[in-house]
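Q: This is start-v7.txt (compact mmCIF, C-alpha atoms).
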# COMPACT_ATOMS: atom_id res chain seq x y z
CA GLY G 30 0.00 0.00 0.00
CA TYR G 31 0.83 3.63 -0.06
CA LEU G 32 0.66 4.32 3.69
CA PRO G 33 4.37 3.75 4.52
CA ALA G 34 5.43 6.12 1.73
CA LEU G 35 2.85 8.68 2.83
CA LEU G 36 4.06 8.58 6.44
CA ALA G 37 7.72 8.81 5.35
CA CYS G 38 7.02 11.84 3.14
CA TRP G 39 4.95 13.45 5.91
CA THR G 40 7.79 13.04 8.40
CA VAL G 41 10.45 14.28 5.97
CA MET G 42 8.31 17.34 5.20
CA TRP G 43 8.04 18.28 8.89
CA LEU G 44 11.74 17.54 9.47
CA SER G 45 12.65 19.80 6.56
CA LEU G 46 10.39 22.56 7.84
CA ALA G 47 11.90 22.22 11.33
CA VAL G 48 15.46 22.54 10.00
CA LEU G 49 14.52 25.50 7.79
CA GLN G 50 12.71 27.23 10.64
CA ASP G 51 15.64 26.69 12.99
CA ARG G 52 18.11 28.13 10.51
CA ALA G 53 15.86 31.04 9.50
CA ALA G 54 15.32 32.00 13.15
CA GLY G 55 19.09 31.91 13.73
CA ARG G 56 18.68 29.55 16.67
CA GLN G 57 21.14 26.80 15.73
CA GLU G 58 19.60 24.47 18.29
CA LYS G 59 20.93 20.98 18.87
CA ALA G 60 19.90 18.37 16.32
CA ALA G 61 17.96 16.44 18.98
CA VAL G 62 15.82 19.51 19.75
CA VAL G 63 15.07 20.11 16.06
CA LEU G 64 14.28 16.42 15.57
CA GLY G 65 11.98 16.46 18.61
CA ARG G 66 10.10 19.48 17.27
CA ALA G 67 9.81 17.82 13.85
CA LEU G 68 8.46 14.57 15.29
CA ALA G 69 6.01 16.45 17.52
CA ALA G 70 4.85 18.45 14.50
CA ALA G 71 4.45 15.33 12.36
CA ILE G 72 2.54 13.41 15.03
CA LEU G 73 0.29 16.23 16.21
CA SER G 74 -0.53 17.47 12.74
CA GLY G 75 -1.02 13.89 11.53
CA LEU G 76 -3.55 13.28 14.28
CA ALA G 77 -5.32 16.52 13.41
CA PHE G 78 -5.46 15.47 9.76
CA TRP G 79 -6.87 12.11 10.77
CA THR G 80 -9.68 13.82 12.69
CA THR G 81 -10.61 15.81 9.59
CA SER G 82 -10.32 12.90 7.17
CA GLY G 83 -13.96 13.43 6.21
CA ILE G 84 -12.68 16.13 3.85
CA TRP G 85 -11.86 13.33 1.41
CA THR G 86 -13.99 10.38 2.48
CA ALA G 87 -17.32 12.16 2.93
CA PRO G 88 -17.60 14.86 0.27
CA ALA G 89 -20.48 17.29 0.54
CA PRO G 90 -23.41 16.43 -1.75
CA ALA G 91 -23.58 20.06 -2.87
CA SER G 92 -20.84 22.58 -3.52
CA PRO G 93 -18.21 22.52 -0.75
CA ASP G 94 -18.31 25.22 1.90
CA TYR G 95 -14.92 26.82 1.34
CA PHE G 96 -14.85 28.62 4.68
CA VAL G 97 -15.38 25.33 6.51
CA ARG G 98 -12.71 23.67 4.37
CA PHE G 99 -10.32 26.54 5.18
CA LEU G 100 -10.97 26.04 8.91
CA GLN G 101 -10.42 22.29 8.57
CA TRP G 102 -7.10 22.71 6.75
CA THR G 103 -6.01 25.38 9.22
CA GLY G 104 -6.88 23.11 12.13
CA ALA G 105 -4.99 20.24 10.51
CA PHE G 106 -1.76 22.18 10.02
CA LEU G 107 -1.92 24.36 13.14
CA PRO G 108 -0.55 21.79 15.64
CA GLY G 109 2.45 21.13 13.42
CA PHE G 110 3.32 24.77 12.91
CA ALA G 111 2.73 25.51 16.60
CA SER G 112 5.25 22.76 17.46
CA LEU G 113 7.82 24.40 15.23
CA LEU G 114 7.21 28.07 15.91
CA LEU G 115 6.38 28.32 19.61
CA LYS G 116 9.24 28.58 22.07
CA PHE G 117 8.87 25.97 24.84
CA ARG G 118 11.19 27.03 27.66
What do you get writing this file as structure tokens?

A:
Amino acid sequence: GYLPALLACWTVMWLSLAVLQDRAAGRQEKAAVVLGRALAAAILSGLAFWTTSGIWTAPAPASPDYFVRFLQWTGAFLPGFASLLLKFR
């Protein structure tokens, strides 16, 4: 199936974003800290995506409500970006 590849790509995406964010912010944190943020982002955002999986599996019978879809996508990505951008210390 496609699930292992999907999970690998998802994790690599969040790891890449964590490294880029660390470098852009000029933090130069230890690799373990960046990896921890990336894994937290991947797991939390993955769980949020799973809770909104009805976006794909239960399409609206009429035209989609784009505001609701925007809120769902925002809610799905928010935990990941919060893991990367918020300072926990």

Q: Hey, can you check how far CA of Ser45 (chain G) sits from CA of Ala67 (chain G)?

A: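 So the two atoms, CA of Ser45 (chain G) and CA of Ala67 (chain G), lie 8.1 Å apart.
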
Q: Distance CA of Ser82 (chain G)-CA of Ala105 (chain G), one decimal place?

A: 9.7 Å

Q: Using CA of Arg66 (chain G) and CA of Leu115 (chain G) as the two end points, give the distance in Å to one decimal.

A: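 So the answer is 9.9 Å.
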
Q: Restricting the calculation to all atoms listed in the file, which member of G:Ala71, G:Gly104, G:Phe110, G:Ala91 is positioned closest to Met42 (chain G)?

A: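 Smallest distance to Met42 (chain G) is found for G:Ala71.
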
Q: Mind checking which residues fall within 8 Å of region 48-54 of chain G, counting only C-alpha atoms, ignoring those fewer than 5 positions away in the same chain, and posting them as a ChimeraX atom specification?

A: /G:63,113-114

Q: Pick from G:Gly83, G:Gly65, G:Gly75, G:Ala47: nearest to Phe106 (chain G), with only C-alpha atoms counted?

A: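 Closest to Phe106 (chain G), using only C-alpha atoms: G:Gly75.
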
Q: Take the structure in the block and write a file for region 64-108 of chain G, N, CA and C atoms, as a compact mmCIF listing (two decimals), in the first residue's frame.

A:
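Saved the output as out-v3.txt:
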# COMPACT_ATOMS: atom_id res chain seq x y z
N LEU G 64 14.94 17.69 15.88
CA LEU G 64 14.28 16.42 15.57
C LEU G 64 13.04 16.23 16.44
N GLY G 65 13.14 16.58 17.71
CA GLY G 65 11.98 16.46 18.61
C GLY G 65 10.83 17.34 18.17
N ARG G 66 11.14 18.58 17.78
CA ARG G 66 10.10 19.48 17.27
C ARG G 66 9.47 18.91 16.00
N ALA G 67 10.31 18.38 15.11
CA ALA G 67 9.81 17.82 13.85
C ALA G 67 8.89 16.62 14.10
N LEU G 68 9.30 15.75 15.00
CA LEU G 68 8.46 14.57 15.29
C LEU G 68 7.16 14.99 15.98
N ALA G 69 7.24 15.95 16.88
CA ALA G 69 6.01 16.45 17.52
C ALA G 69 5.09 17.06 16.47
N ALA G 70 5.66 17.83 15.56
CA ALA G 70 4.85 18.45 14.50
C ALA G 70 4.21 17.39 13.62
N ALA G 71 4.98 16.38 13.23
CA ALA G 71 4.45 15.33 12.36
C ALA G 71 3.34 14.55 13.05
N ILE G 72 3.54 14.21 14.30
CA ILE G 72 2.54 13.41 15.03
C ILE G 72 1.28 14.22 15.31
N LEU G 73 1.45 15.42 15.85
CA LEU G 73 0.29 16.23 16.21
C LEU G 73 -0.52 16.65 14.99
N SER G 74 0.18 17.07 13.95
CA SER G 74 -0.53 17.47 12.74
C SER G 74 -1.14 16.25 12.04
N GLY G 75 -0.46 15.13 12.10
CA GLY G 75 -1.02 13.89 11.53
C GLY G 75 -2.30 13.48 12.22
N LEU G 76 -2.32 13.59 13.54
CA LEU G 76 -3.55 13.28 14.28
C LEU G 76 -4.67 14.26 13.93
N ALA G 77 -4.31 15.53 13.78
CA ALA G 77 -5.32 16.52 13.41
C ALA G 77 -5.86 16.24 12.01
N PHE G 78 -5.00 15.84 11.09
CA PHE G 78 -5.46 15.47 9.76
C PHE G 78 -6.39 14.27 9.82
N TRP G 79 -6.04 13.31 10.66
CA TRP G 79 -6.87 12.11 10.77
C TRP G 79 -8.27 12.47 11.27
N THR G 80 -8.36 13.44 12.18
CA THR G 80 -9.68 13.82 12.69
C THR G 80 -10.51 14.55 11.65
N THR G 81 -9.87 15.13 10.65
CA THR G 81 -10.61 15.81 9.59
C THR G 81 -10.61 15.02 8.29
N SER G 82 -10.41 13.72 8.38
CA SER G 82 -10.32 12.90 7.17
C SER G 82 -11.61 12.87 6.37
N GLY G 83 -12.70 13.35 6.95
CA GLY G 83 -13.96 13.43 6.21
C GLY G 83 -13.89 14.39 5.04
N ILE G 84 -12.86 15.23 4.98
CA ILE G 84 -12.68 16.13 3.85
C ILE G 84 -12.65 15.32 2.56
N TRP G 85 -12.02 14.14 2.61
CA TRP G 85 -11.86 13.33 1.41
C TRP G 85 -12.85 12.17 1.36
N THR G 86 -13.18 11.60 2.49
CA THR G 86 -13.99 10.38 2.48
C THR G 86 -15.48 10.65 2.49
N ALA G 87 -15.89 11.84 2.89
CA ALA G 87 -17.32 12.16 2.93
C ALA G 87 -17.56 13.52 2.26
N PRO G 88 -17.42 13.57 0.94
CA PRO G 88 -17.60 14.86 0.27
C PRO G 88 -19.03 15.36 0.41
N ALA G 89 -19.15 16.67 0.43
CA ALA G 89 -20.48 17.29 0.54
C ALA G 89 -21.29 16.99 -0.72
N PRO G 90 -22.59 16.71 -0.57
CA PRO G 90 -23.41 16.43 -1.75
C PRO G 90 -23.56 17.66 -2.66
N ALA G 91 -23.48 18.82 -2.09
CA ALA G 91 -23.58 20.06 -2.87
C ALA G 91 -22.17 20.66 -3.00
N SER G 92 -22.11 21.88 -3.40
CA SER G 92 -20.84 22.58 -3.52
C SER G 92 -20.18 22.66 -2.13
N PRO G 93 -18.86 22.47 -2.06
CA PRO G 93 -18.21 22.52 -0.75
C PRO G 93 -18.26 23.92 -0.14
N ASP G 94 -18.34 23.95 1.17
CA ASP G 94 -18.31 25.22 1.90
C ASP G 94 -16.83 25.57 2.10
N TYR G 95 -16.35 26.53 1.34
CA TYR G 95 -14.92 26.82 1.34
C TYR G 95 -14.43 27.39 2.66
N PHE G 96 -15.26 28.10 3.38
CA PHE G 96 -14.85 28.62 4.68
C PHE G 96 -14.63 27.47 5.66
N VAL G 97 -15.53 26.50 5.64
CA VAL G 97 -15.38 25.33 6.51
C VAL G 97 -14.14 24.55 6.13
N ARG G 98 -13.91 24.38 4.83
CA ARG G 98 -12.71 23.67 4.37
C ARG G 98 -11.45 24.41 4.81
N PHE G 99 -11.46 25.74 4.74
CA PHE G 99 -10.32 26.54 5.18
C PHE G 99 -10.07 26.30 6.67
N LEU G 100 -11.12 26.29 7.47
CA LEU G 100 -10.97 26.04 8.91
C LEU G 100 -10.43 24.63 9.17
N GLN G 101 -10.90 23.66 8.39
CA GLN G 101 -10.42 22.29 8.57
C GLN G 101 -8.93 22.17 8.22
N TRP G 102 -8.51 22.76 7.13
CA TRP G 102 -7.10 22.71 6.75
C TRP G 102 -6.24 23.47 7.75
N THR G 103 -6.74 24.61 8.21
CA THR G 103 -6.01 25.38 9.22
C THR G 103 -5.85 24.57 10.49
N GLY G 104 -6.93 23.94 10.93
CA GLY G 104 -6.88 23.11 12.13
C GLY G 104 -5.97 21.90 11.97
N ALA G 105 -5.85 21.40 10.75
CA ALA G 105 -4.99 20.24 10.51
C ALA G 105 -3.51 20.62 10.55
N PHE G 106 -3.16 21.78 10.04
CA PHE G 106 -1.76 22.18 10.02
C PHE G 106 -1.32 22.93 11.27
N LEU G 107 -2.25 23.53 11.99
CA LEU G 107 -1.92 24.36 13.14
C LEU G 107 -1.07 23.65 14.20
N PRO G 108 -1.39 22.43 14.62
CA PRO G 108 -0.55 21.79 15.64
C PRO G 108 0.90 21.60 15.20
